[in-house]
>>> print(open('data-v3.txt').read())   # compact mmCIF, C-alpha atoms
# COMPACT_ATOMS: atom_id res chain seq x y z
CA MET Z 289 42.36 -8.25 34.30
CA VAL Z 290 46.02 -7.41 33.74
CA LEU Z 291 47.10 -7.70 30.11
CA ARG Z 292 50.10 -9.98 29.55
CA ALA Z 293 52.41 -8.44 26.95
CA VAL Z 294 55.40 -9.45 24.82
CA ASP Z 295 57.75 -6.92 23.20
CA LEU Z 296 59.40 -7.86 19.86
CA PHE Z 297 62.43 -5.83 18.73
CA CYS Z 298 62.29 -4.52 22.29
CA GLY Z 299 65.39 -2.33 22.25
CA ALA Z 300 65.97 -0.58 25.56
CA GLY Z 301 62.31 -1.05 26.51
CA GLY Z 302 60.53 2.19 25.62
CA SER Z 303 57.39 0.42 24.38
CA SER Z 304 57.30 -1.84 27.41
CA ALA Z 305 57.78 1.12 29.76
CA GLY Z 306 54.72 2.71 28.17
CA ALA Z 307 52.76 -0.54 28.35
CA ARG Z 308 53.61 -0.89 32.03
CA LEU Z 309 52.38 2.64 32.66
CA ALA Z 310 49.15 1.61 30.92
CA GLY Z 311 48.75 -1.30 33.34
CA ALA Z 312 50.15 -4.20 31.30
CA ARG Z 313 52.53 -6.84 32.64
CA ILE Z 314 55.57 -7.49 30.46
CA VAL Z 315 56.24 -11.22 30.42
CA ALA Z 316 58.80 -11.56 27.61
CA ALA Z 317 60.89 -9.62 25.10
CA ILE Z 318 63.42 -10.27 22.35
CA ASP Z 319 66.05 -8.23 20.50
CA ALA Z 320 69.19 -9.00 18.51
CA ASP Z 321 71.33 -6.48 20.43
CA PRO Z 322 72.78 -7.93 23.66
CA LEU Z 323 73.28 -4.45 25.11
CA ALA Z 324 69.60 -3.69 24.51
CA THR Z 325 68.41 -6.92 26.10
CA ALA Z 326 70.69 -6.40 29.12
CA THR Z 327 69.23 -2.91 29.54
CA PHE Z 328 65.72 -4.32 29.17
CA LYS Z 329 66.43 -6.91 31.86
CA ASP Z 330 67.66 -4.16 34.19
CA ASN Z 331 64.23 -2.55 34.00
CA PHE Z 332 62.03 -5.66 33.69
CA PRO Z 333 63.79 -8.23 35.88
CA LYS Z 334 60.80 -10.61 36.01
CA ALA Z 335 60.40 -10.79 32.22
CA LYS Z 336 61.85 -13.53 30.05
CA VAL Z 337 64.36 -11.66 27.88
CA VAL Z 338 65.97 -13.36 24.88
CA THR Z 339 68.87 -12.16 22.75
CA GLY Z 340 68.30 -13.38 19.22
CA ARG Z 341 67.69 -12.30 15.65
CA LEU Z 342 64.17 -12.88 14.40
CA ASP Z 343 63.26 -14.11 10.95
CA GLU Z 344 60.02 -15.39 9.42
CA THR Z 345 60.41 -18.89 10.84
CA ASN Z 346 62.28 -18.83 14.14
CA GLY Z 347 60.58 -16.23 16.33
CA VAL Z 348 58.05 -18.23 18.31
CA THR Z 349 60.64 -20.96 18.83
CA LEU Z 350 63.21 -18.51 20.19
CA LEU Z 351 60.86 -17.21 22.86
CA GLY Z 352 59.43 -20.61 23.75
CA ASP Z 353 56.41 -21.07 25.97
CA VAL Z 354 55.34 -17.74 27.48
CA GLY Z 355 51.71 -18.61 28.13
CA LYS Z 356 48.66 -16.74 26.90
CA ILE Z 357 49.53 -13.32 25.45
CA ASP Z 358 46.98 -10.51 25.36
CA LEU Z 359 49.10 -7.71 23.88
CA LEU Z 360 51.85 -7.96 21.27
CA LEU Z 361 54.21 -4.99 20.91
CA ALA Z 362 56.62 -4.73 17.99
CA SER Z 363 59.02 -2.12 16.64
CA PRO Z 364 60.62 -3.74 13.57
CA GLU Z 365 63.93 -2.41 12.30
CA CYS Z 366 63.32 1.12 11.05
CA THR Z 367 66.73 2.24 9.71
CA ASN Z 368 66.09 1.16 6.14
CA HIS Z 369 62.66 2.83 6.09
CA SER Z 370 64.00 6.11 7.49
CA VAL Z 371 65.45 9.18 5.79
CA ALA Z 372 68.02 9.14 8.61
CA ARG Z 373 69.70 6.31 6.70
CA GLY Z 374 71.16 8.94 4.39
CA SER Z 375 72.92 7.58 1.33
CA LYS Z 376 73.59 4.12 2.77
CA ALA Z 377 72.46 1.19 0.64
CA ILE Z 378 69.08 -0.31 1.56
CA ASP Z 379 69.15 -3.64 3.38
CA THR Z 380 66.18 -5.47 1.85
CA GLU Z 381 66.15 -8.10 4.60
CA SER Z 382 65.85 -5.38 7.22
CA LEU Z 383 62.92 -3.91 5.28
CA ARG Z 384 61.15 -7.25 5.64
CA SER Z 385 61.52 -7.36 9.43
CA GLY Z 386 57.90 -6.30 9.81
CA ARG Z 387 56.90 -9.70 8.48
CA TYR Z 388 58.74 -11.38 11.35
CA VAL Z 389 55.84 -10.36 13.57
CA LEU Z 390 53.35 -12.48 11.62
CA PRO Z 391 54.30 -15.91 13.06
CA PHE Z 392 53.64 -14.57 16.57
CA ILE Z 393 50.27 -13.20 15.52
CA LYS Z 394 49.23 -16.50 13.95
CA ALA Z 395 50.57 -18.68 16.77
CA TRP Z 396 49.42 -16.64 19.75
CA ARG Z 397 46.38 -14.77 18.42
CA PRO Z 398 46.77 -11.96 20.95
CA ARG Z 399 43.74 -9.79 21.50
CA PHE Z 400 45.69 -6.59 20.75
CA ILE Z 401 48.70 -5.64 18.60
CA VAL Z 402 50.66 -2.39 18.47
CA LEU Z 403 53.35 -2.04 15.81
CA GLU Z 404 55.48 1.13 15.86
CA ASN Z 405 57.81 2.44 13.17
CA VAL Z 406 58.75 5.50 11.16
CA ALA Z 407 55.97 6.87 8.97
CA ARG Z 408 57.85 5.93 5.81
CA MET Z 409 57.33 2.25 6.53
CA ARG Z 410 54.04 2.69 4.69
CA ARG Z 411 56.06 3.14 1.48
CA TRP Z 412 57.60 -0.31 1.82
CA GLU Z 413 56.52 -2.45 -1.13
CA GLY Z 414 55.50 -5.25 1.23
CA TRP Z 415 53.31 -3.03 3.42
CA SER Z 416 49.98 -3.82 1.73
CA ALA Z 417 50.66 -7.55 1.77
CA PHE Z 418 51.56 -7.35 5.46
CA LEU Z 419 48.29 -5.57 6.25
CA ASP Z 420 46.37 -8.16 4.25
CA GLU Z 421 47.85 -10.93 6.40
CA VAL Z 422 46.98 -9.08 9.61
CA LYS Z 423 43.40 -8.77 8.35
CA LEU Z 424 43.25 -12.43 7.29
CA ALA Z 425 44.39 -13.39 10.79
CA GLY Z 426 41.14 -11.89 12.06
CA TYR Z 427 42.14 -8.38 13.07
CA CYS Z 428 40.66 -4.96 12.48
CA TYR Z 429 43.30 -2.26 12.39
CA SER Z 430 43.89 1.47 12.18
CA ILE Z 431 47.05 3.38 11.25
CA LEU Z 432 47.93 6.58 13.09
CA ILE Z 433 50.75 9.10 12.83
CA LEU Z 434 51.41 10.56 16.26
CA ASP Z 435 53.82 13.26 17.42
CA ALA Z 436 55.38 12.73 20.84
CA GLN Z 437 55.24 16.43 21.71
CA HIS Z 438 51.45 16.13 22.03
CA PHE Z 439 51.83 13.50 24.75
CA GLY Z 440 53.92 15.40 27.28
CA VAL Z 441 57.25 14.45 25.69
CA PRO Z 442 59.72 17.35 25.26
CA GLN Z 443 60.58 16.24 21.73
CA ALA Z 444 59.08 16.63 18.26
CA ARG Z 445 58.99 13.01 17.09
CA ARG Z 446 56.47 11.69 14.54
CA ARG Z 447 55.96 7.96 14.38
CA MET Z 448 53.48 5.53 12.84
CA PHE Z 449 51.43 3.24 15.05
CA LEU Z 450 49.47 0.29 13.72
CA LEU Z 451 46.72 -0.57 16.21
CA ALA Z 452 45.02 -3.93 15.74
CA SER Z 453 42.30 -5.70 17.68
CA ARG Z 454 40.77 -9.15 17.30
CA THR Z 455 37.62 -8.31 19.28
CA SER Z 456 36.70 -4.70 18.52
CA GLU Z 457 37.26 -1.80 16.14
CA PRO Z 458 40.49 -0.03 17.14
CA PRO Z 459 40.39 3.75 17.65
CA SER Z 460 40.88 5.93 14.58
CA THR Z 461 42.51 8.64 16.70
CA VAL Z 462 44.44 8.88 19.94
CA ALA Z 463 44.03 12.24 21.62
CA GLY Z 464 47.08 14.05 22.94
CA THR Z 465 47.43 14.11 26.70
CA THR Z 466 48.61 17.70 27.12
CA ARG Z 467 47.85 21.10 25.67
CA ARG Z 468 51.06 22.71 26.87
CA LYS Z 469 54.13 21.37 25.11
CA ARG Z 470 57.21 20.63 27.17
CA THR Z 471 60.38 22.32 25.93
CA ALA Z 472 64.06 21.57 25.47
CA ALA Z 473 64.85 23.86 28.41
CA GLY Z 474 63.08 21.46 30.76
CA ILE Z 475 65.33 18.47 30.05
CA LEU Z 476 68.61 20.18 30.99
CA ASP Z 477 70.64 19.44 34.09
CA ARG Z 478 71.41 22.33 36.42
CA PRO Z 479 73.83 24.96 35.05
CA GLY Z 480 77.47 24.16 35.73
CA LYS Z 481 76.98 20.42 36.25
CA HIS Z 482 78.71 19.58 32.95
CA LEU Z 483 81.92 21.02 31.54
CA ALA Z 484 81.32 23.42 28.65
CA LYS Z 485 84.20 24.39 26.39
CA ARG Z 486 84.65 27.79 24.83
CA VAL Z 487 83.74 28.14 21.17
CA TYR Z 488 86.52 30.54 20.18
CA ARG Z 489 90.27 30.47 20.87
CA ARG Z 490 90.30 26.68 21.22
CA ALA Z 491 93.45 24.60 20.80
CA LYS Z 492 91.53 22.59 18.19
CA PRO Z 493 89.14 24.95 16.35
CA LEU Z 494 85.58 23.87 15.68
CA ALA Z 495 84.60 23.09 12.10
CA ASP Z 496 83.61 26.11 10.00
CA ALA Z 497 80.10 24.67 9.52
CA THR Z 498 79.66 24.40 13.29
CA ILE Z 499 80.80 28.00 13.81
CA GLU Z 500 78.32 29.15 11.16
CA ARG Z 501 75.47 27.36 12.90
CA ILE Z 502 76.43 28.95 16.20
CA LYS Z 503 76.56 32.39 14.56
CA ARG Z 504 73.13 31.91 12.98
CA GLY Z 505 71.66 30.82 16.29
CA ARG Z 506 73.24 33.72 18.17
CA LYS Z 507 72.06 36.25 15.59
CA ALA Z 508 68.50 34.95 15.76
CA SER Z 509 68.52 34.92 19.57
CA CYS Z 510 69.93 38.41 19.78
CA ASP Z 511 69.06 38.76 23.48
CA GLY Z 512 71.88 36.37 24.32
CA LYS Z 513 69.68 33.47 25.40
CA ASP Z 514 71.00 29.91 25.37
CA PHE Z 515 70.06 27.79 22.36
CA ILE Z 516 70.59 24.31 20.93
CA ILE Z 517 72.90 23.67 18.00
CA VAL Z 518 71.77 20.73 15.87
CA TYR Z 519 74.37 18.70 14.00
CA TYR Z 520 73.70 16.53 10.94
CA GLY Z 521 70.59 18.47 9.89
CA THR Z 522 69.99 19.64 6.32
CA ASP Z 523 66.59 21.28 6.73
CA GLY Z 524 65.79 24.98 6.61
CA ALA Z 525 66.09 25.55 10.35
CA GLY Z 526 69.67 26.77 10.12
CA GLY Z 527 71.21 24.04 12.26
CA TRP Z 528 69.92 25.37 15.58
CA GLN Z 529 66.77 25.64 17.65
CA PRO Z 530 65.55 27.83 20.55
CA MET Z 531 65.08 26.47 24.05
CA ASP Z 532 61.36 27.26 24.25
CA ARG Z 533 60.36 24.48 21.85
CA PRO Z 534 60.42 20.68 22.14
CA LEU Z 535 63.77 19.20 21.16
CA ARG Z 536 63.99 18.12 17.55
CA THR Z 537 63.89 14.40 16.80
CA LEU Z 538 66.53 12.32 18.57
CA THR Z 539 68.43 9.90 16.37
CA THR Z 540 71.12 7.35 17.18
CA LEU Z 541 73.80 10.03 16.73
CA ASP Z 542 75.20 12.56 19.20
CA ARG Z 543 73.71 15.63 17.50
CA PHE Z 544 72.62 18.24 20.08
CA GLY Z 545 74.79 20.82 21.80
CA LEU Z 546 73.96 23.62 24.25
CA VAL Z 547 75.35 27.05 23.38
CA SER Z 548 75.64 29.58 26.21
CA GLY Z 549 77.19 33.01 26.64
CA VAL Z 550 78.03 35.70 24.10
CA GLY Z 551 81.11 36.95 22.29
CA GLN Z 552 84.40 35.41 23.39
CA GLN Z 553 82.59 33.93 26.40
CA THR Z 554 80.43 31.67 24.21
CA THR Z 555 80.58 28.03 25.30
CA LEU Z 556 79.37 24.75 23.87
CA ARG Z 557 78.68 21.37 25.43
CA MET Z 558 76.91 18.32 24.08
CA LEU Z 559 73.67 17.25 25.72
CA GLN Z 560 74.26 14.38 28.13
CA VAL Z 561 72.61 10.97 28.12
CA PRO Z 562 70.35 11.65 31.17
CA GLU Z 563 69.08 14.77 29.38
CA LEU Z 564 68.33 12.76 26.24
CA ILE Z 565 66.54 10.13 28.33
CA ARG Z 566 64.28 12.89 29.65
CA ALA Z 567 63.74 14.11 26.10
CA MET Z 568 62.33 10.66 25.27
CA GLY Z 569 59.90 10.77 28.18
CA PHE Z 570 61.25 7.75 30.07
CA PRO Z 571 59.87 7.60 33.63
CA PRO Z 572 62.15 8.69 36.49
CA GLY Z 573 64.53 5.99 37.63
CA TYR Z 574 64.60 4.12 34.32
CA LYS Z 575 68.00 2.43 34.05
CA LEU Z 576 69.90 3.11 30.85
CA ASP Z 577 73.54 3.12 31.87
CA ARG Z 578 75.16 0.21 30.05
CA GLY Z 579 77.87 0.59 27.43
CA SER Z 580 79.71 3.64 26.20
CA ARG Z 581 78.19 7.08 25.72
CA ARG Z 582 77.78 6.26 22.04
CA ASP Z 583 76.04 2.97 22.90
CA ARG Z 584 73.59 4.67 25.25
CA ILE Z 585 72.77 7.42 22.76
CA ARG Z 586 72.07 4.74 20.16
CA LEU Z 587 69.74 2.89 22.53
CA VAL Z 588 67.92 6.09 23.45
CA GLY Z 589 67.60 7.23 19.83
CA ASN Z 590 66.17 3.86 18.78
CA ALA Z 591 63.59 3.78 21.55
CA VAL Z 592 59.85 4.42 21.58
CA CYS Z 593 58.62 7.31 23.75
CA PRO Z 594 56.86 5.63 26.70
CA PRO Z 595 54.13 8.29 27.17
CA VAL Z 596 53.01 7.87 23.55
CA MET Z 597 52.85 4.09 23.85
CA GLU Z 598 50.99 4.43 27.14
CA ALA Z 599 48.32 6.59 25.50
CA VAL Z 600 48.07 4.27 22.48
CA ILE Z 601 47.58 1.16 24.60
CA LYS Z 602 45.00 2.80 26.84
CA ALA Z 603 43.05 3.94 23.78
CA LEU Z 604 43.28 0.53 22.10
CA THR Z 605 42.47 -1.65 25.10
CA GLY Z 606 40.08 0.60 26.97
CA VAL Z 607 42.09 -0.08 30.13
CA ARG Z 608 41.19 2.35 32.86
CA GLN Z 609 43.10 2.60 36.10
CA SER Z 610 42.16 4.24 39.34
CA ALA Z 611 44.00 7.46 40.08
CA ARG Z 612 45.76 5.67 42.96
CA SER Z 613 46.95 2.82 40.72
CA SER Z 614 48.16 5.22 38.03
CA ARG Z 615 50.15 7.26 40.57
CA HIS Z 616 51.68 4.08 41.99
CA ILE Z 617 52.87 2.86 38.59
CA ARG Z 618 54.37 6.23 37.70
CA LYS Z 619 56.16 6.48 41.03
CA THR Z 620 57.46 2.92 41.32
CA GLY Z 621 57.30 1.53 37.77
CA ARG Z 622 55.39 -1.48 39.12
CA LEU Z 623 51.79 -2.62 39.17
CA ALA Z 624 50.00 -1.99 42.43
CA ALA Z 625 49.21 -5.11 44.43
>>> encode(input="data-v3.txt", output="structure tokens")
Amino acid sequence: MVLRAVDLFCGAGGSSAGARLAGARIVAAIDADPLATATFKDNFPKAKVVTGRLDETNGVTLLGDVGKIDLLLASPECTNHSVARGSKAIDTESLRSGRYVLPFIKAWRPRFIVLENVARMRRWEGWSAFLDEVKLAGYCYSILILDAQHFGVPQARRRMFLLASRTSEPPSTVAGTTRRKRTAAGILDRPGKHLAKRVYRRAKPLADATIERIKRGRKASCDGKDFIIVYYGTDGAGGWQPMDRPLRTLTTLDRFGLVSGVGQQTTLRMLQVPELIRAMGFPPGYKLDRGSRRDRIRLVGNAVCPPVMEAVIKALTGVRQSARSSRHIRKTGRLAA
């Protein structure tokens, strides 16, 4: 039996891409961002896709009749739970967006639920009450923190997953799917495809902080290897990373640049959107080309890594596919007939 799924706060469709790889059929989705819903429709043309802002009363009405739902996916707004918010004031209504999932749970009673968010959502003062309502609705649940790099994604990205089931005990762990981590080097386009500008002797000099990061990276990689400069980071990594590790966590900002060459021949270019799409683990051929560069980076940075969601759903539902069916989905993005 094919699981019929709905994606709330669907964004560009990362969760749904993972669910489709796990064998589910996406029948409907909703998001407040028209660019996100247009992108979702590009990739799930048969799904009912609604542009609208959810609250605690309007959600089920906005989506209308979608039939029996087996799997409910949700990625409530995470910005106000995340440290990436920086010093911006907290939007308390955004914090409550997790509760907007509850009307769907109560109205549809899906067999399975997967809610994804940043790990800090567990610090939200309404988190315990939310879990109580999920339990009262008849669900057993488990809460996992998973890192995308353990699931074949070339990115270090830790996220929380709430797995809930109405008919069985959900798994307390989801095993990684690969022992060998994919690296930042593997997401790059061929050398020379994108214009790289020199670091020194520029008409408009780079910021001193950027130059310092480049110098630290070059000193550490003294053999002259390429490396990634990381903007907007305040950790102890020095503002750079080597190529032989998974890319650091993507955000909604344009924050990664490739540094090549040595001395006066040192060049810098920003990573391009197709490279960032690969860093998220989207399947080949996934369409994410609407809007400006900034728009697309925002959509990518807000997304869920499909391979992680695929593994989560398979573990939760016990869905097993034949090797032929699995290959067909990965190649075409569609369920085999």
>>> residues_around(input="data-v3.txt", residues="range 392-408 of chain Z", least_positions_apart="2", cutoff="9 Å", atoms="all atoms listed in the file", output="VMD selection string")
chain Z and resid 293 303 347 to 348 355 to 367 369 to 371 386 388 to 390 410 to 412 422 425 to 427 429 433 446 to 455 592 597 600 to 601 604 to 605
>>> closest_residue(input="data-v3.txt", among="Z:Ala312, Z:Leu342, Z:Leu556, Z:Val550", to="Lys507 in chain Z", atoms="all atoms listed in the file")
Z:Val550
>>> closest_residue(input="data-v3.txt", among="Z:Lys469, Z:Arg489, Z:Thr349, Z:Thr339", to="Gly551 in chain Z", atoms="only C-alpha atoms")
Z:Arg489
>>> closest_residue(input="data-v3.txt", among="Z:Gln529, Z:Asn590, Z:Thr555, Z:Ser385", to="Leu541 in chain Z", atoms="only C-alpha atoms")
Z:Asn590
>>> closest_residue(input="data-v3.txt", among="Z:Ile499, Z:Val518, Z:Ala300, Z:Ile565", to="Leu323 in chain Z", atoms="all atoms listed in the file")
Z:Ala300
>>> residues_around(input="data-v3.txt", residues="Asn331 in chain Z", least_positions_apart="6", cutoff="10 Å", atoms="all atoms listed in the file", output="number ranges by chain")
Z: 300-301, 304-305, 325, 573-576, 621
>>> residues_near_point(input="data-v3.txt", point="(77.0, 19.3, 10.8)", cutoff="7 Å", atoms="only C-alpha atoms", output="ChimeraX atom specification")
/Z:497-498,519-521
>>> closest_residue(input="data-v3.txt", among="Z:Gly512, Z:Gly440, Z:Gly474, Z:Gly340", to="Pro594 in chain Z", atoms="all atoms listed in the file")
Z:Gly440
>>> residues_around(input="data-v3.txt", residues="Phe328 in chain Z", least_positions_apart="2", cutoff="12 Å", atoms="only C-alpha atoms", output="ChimeraX atom specification")
/Z:295-305,314-319,321-326,330-339,574-578,587,591
>>> closest_residue(input="data-v3.txt", among="Z:Ala491, Z:Gly505, Z:Gly569, Z:Arg581", to="Thr554 in chain Z", atoms="all atoms listed in the file")
Z:Gly505
>>> atom_distance(input="data-v3.txt", atom1="CA of Gln443 in chain Z", atom2="CA of Arg536 in chain Z")
5.7 Å
>>> atom_distance(input="data-v3.txt", atom1="CA of Gly480 in chain Z", atom2="CA of Ile517 in chain Z")
18.3 Å
>>> atom_distance(input="data-v3.txt", atom1="CA of Arg543 in chain Z", atom2="CA of Arg504 in chain Z")
16.9 Å
>>> build_atoms(input="data-v3.txt", residues="range 311-336 of chain Z", atoms="N, CA and C atoms", output="short mmCIF file (atom, residue, chain, number, x, y, z; two decimals), keeping the file's coordinate frame")
data_model
loop_
_atom_site.label_atom_id
_atom_site.label_comp_id
_atom_site.auth_asym_id
_atom_site.auth_seq_id
_atom_site.Cartn_x
_atom_site.Cartn_y
_atom_site.Cartn_z
N GLY Z 311 49.29 -0.24 32.51
CA GLY Z 311 48.75 -1.30 33.34
C GLY Z 311 49.05 -2.70 32.87
N ALA Z 312 49.83 -2.86 31.80
CA ALA Z 312 50.15 -4.20 31.30
C ALA Z 312 51.31 -4.81 32.08
N ARG Z 313 51.40 -6.14 32.04
CA ARG Z 313 52.53 -6.84 32.64
C ARG Z 313 53.39 -7.41 31.52
N ILE Z 314 54.66 -7.04 31.50
CA ILE Z 314 55.57 -7.49 30.46
C ILE Z 314 56.12 -8.85 30.86
N VAL Z 315 55.82 -9.87 30.06
CA VAL Z 315 56.24 -11.22 30.42
C VAL Z 315 57.45 -11.70 29.62
N ALA Z 316 57.67 -11.10 28.42
CA ALA Z 316 58.80 -11.56 27.61
C ALA Z 316 59.17 -10.50 26.59
N ALA Z 317 60.41 -10.57 26.10
CA ALA Z 317 60.89 -9.62 25.10
C ALA Z 317 62.06 -10.25 24.35
N ILE Z 318 62.31 -9.75 23.15
CA ILE Z 318 63.42 -10.27 22.35
C ILE Z 318 64.01 -9.15 21.51
N ASP Z 319 65.34 -9.18 21.36
CA ASP Z 319 66.05 -8.23 20.50
C ASP Z 319 67.38 -8.86 20.11
N ALA Z 320 67.92 -8.45 18.98
CA ALA Z 320 69.19 -9.00 18.51
C ALA Z 320 70.40 -8.37 19.19
N ASP Z 321 70.22 -7.23 19.83
CA ASP Z 321 71.33 -6.48 20.43
C ASP Z 321 71.49 -6.88 21.90
N PRO Z 322 72.61 -7.50 22.27
CA PRO Z 322 72.78 -7.93 23.66
C PRO Z 322 72.81 -6.77 24.65
N LEU Z 323 73.28 -5.60 24.22
CA LEU Z 323 73.28 -4.45 25.11
C LEU Z 323 71.84 -3.99 25.37
N ALA Z 324 71.00 -4.06 24.35
CA ALA Z 324 69.60 -3.69 24.51
C ALA Z 324 68.88 -4.66 25.44
N THR Z 325 69.11 -5.95 25.26
CA THR Z 325 68.41 -6.92 26.10
C THR Z 325 68.90 -6.86 27.55
N ALA Z 326 70.19 -6.57 27.75
CA ALA Z 326 70.69 -6.40 29.12
C ALA Z 326 70.04 -5.20 29.78
N THR Z 327 69.90 -4.10 29.02
CA THR Z 327 69.23 -2.91 29.54
C THR Z 327 67.76 -3.20 29.84
N PHE Z 328 67.12 -3.95 28.95
CA PHE Z 328 65.72 -4.32 29.17
C PHE Z 328 65.59 -5.12 30.46
N LYS Z 329 66.48 -6.07 30.66
CA LYS Z 329 66.43 -6.91 31.86
C LYS Z 329 66.63 -6.08 33.12
N ASP Z 330 67.47 -5.04 33.05
CA ASP Z 330 67.66 -4.16 34.19
C ASP Z 330 66.34 -3.56 34.66
N ASN Z 331 65.48 -3.27 33.70
CA ASN Z 331 64.23 -2.55 34.00
C ASN Z 331 63.01 -3.46 34.12
N PHE Z 332 63.13 -4.69 33.61
CA PHE Z 332 62.03 -5.66 33.69
C PHE Z 332 62.61 -7.00 34.17
N PRO Z 333 63.06 -7.05 35.41
CA PRO Z 333 63.79 -8.23 35.88
C PRO Z 333 62.96 -9.52 35.90
N LYS Z 334 61.64 -9.42 35.96
CA LYS Z 334 60.80 -10.61 36.01
C LYS Z 334 60.42 -11.13 34.62
N ALA Z 335 60.75 -10.37 33.58
CA ALA Z 335 60.40 -10.79 32.22
C ALA Z 335 61.42 -11.79 31.68
N LYS Z 336 60.96 -12.64 30.79
CA LYS Z 336 61.85 -13.53 30.05
C LYS Z 336 62.42 -12.73 28.89
#
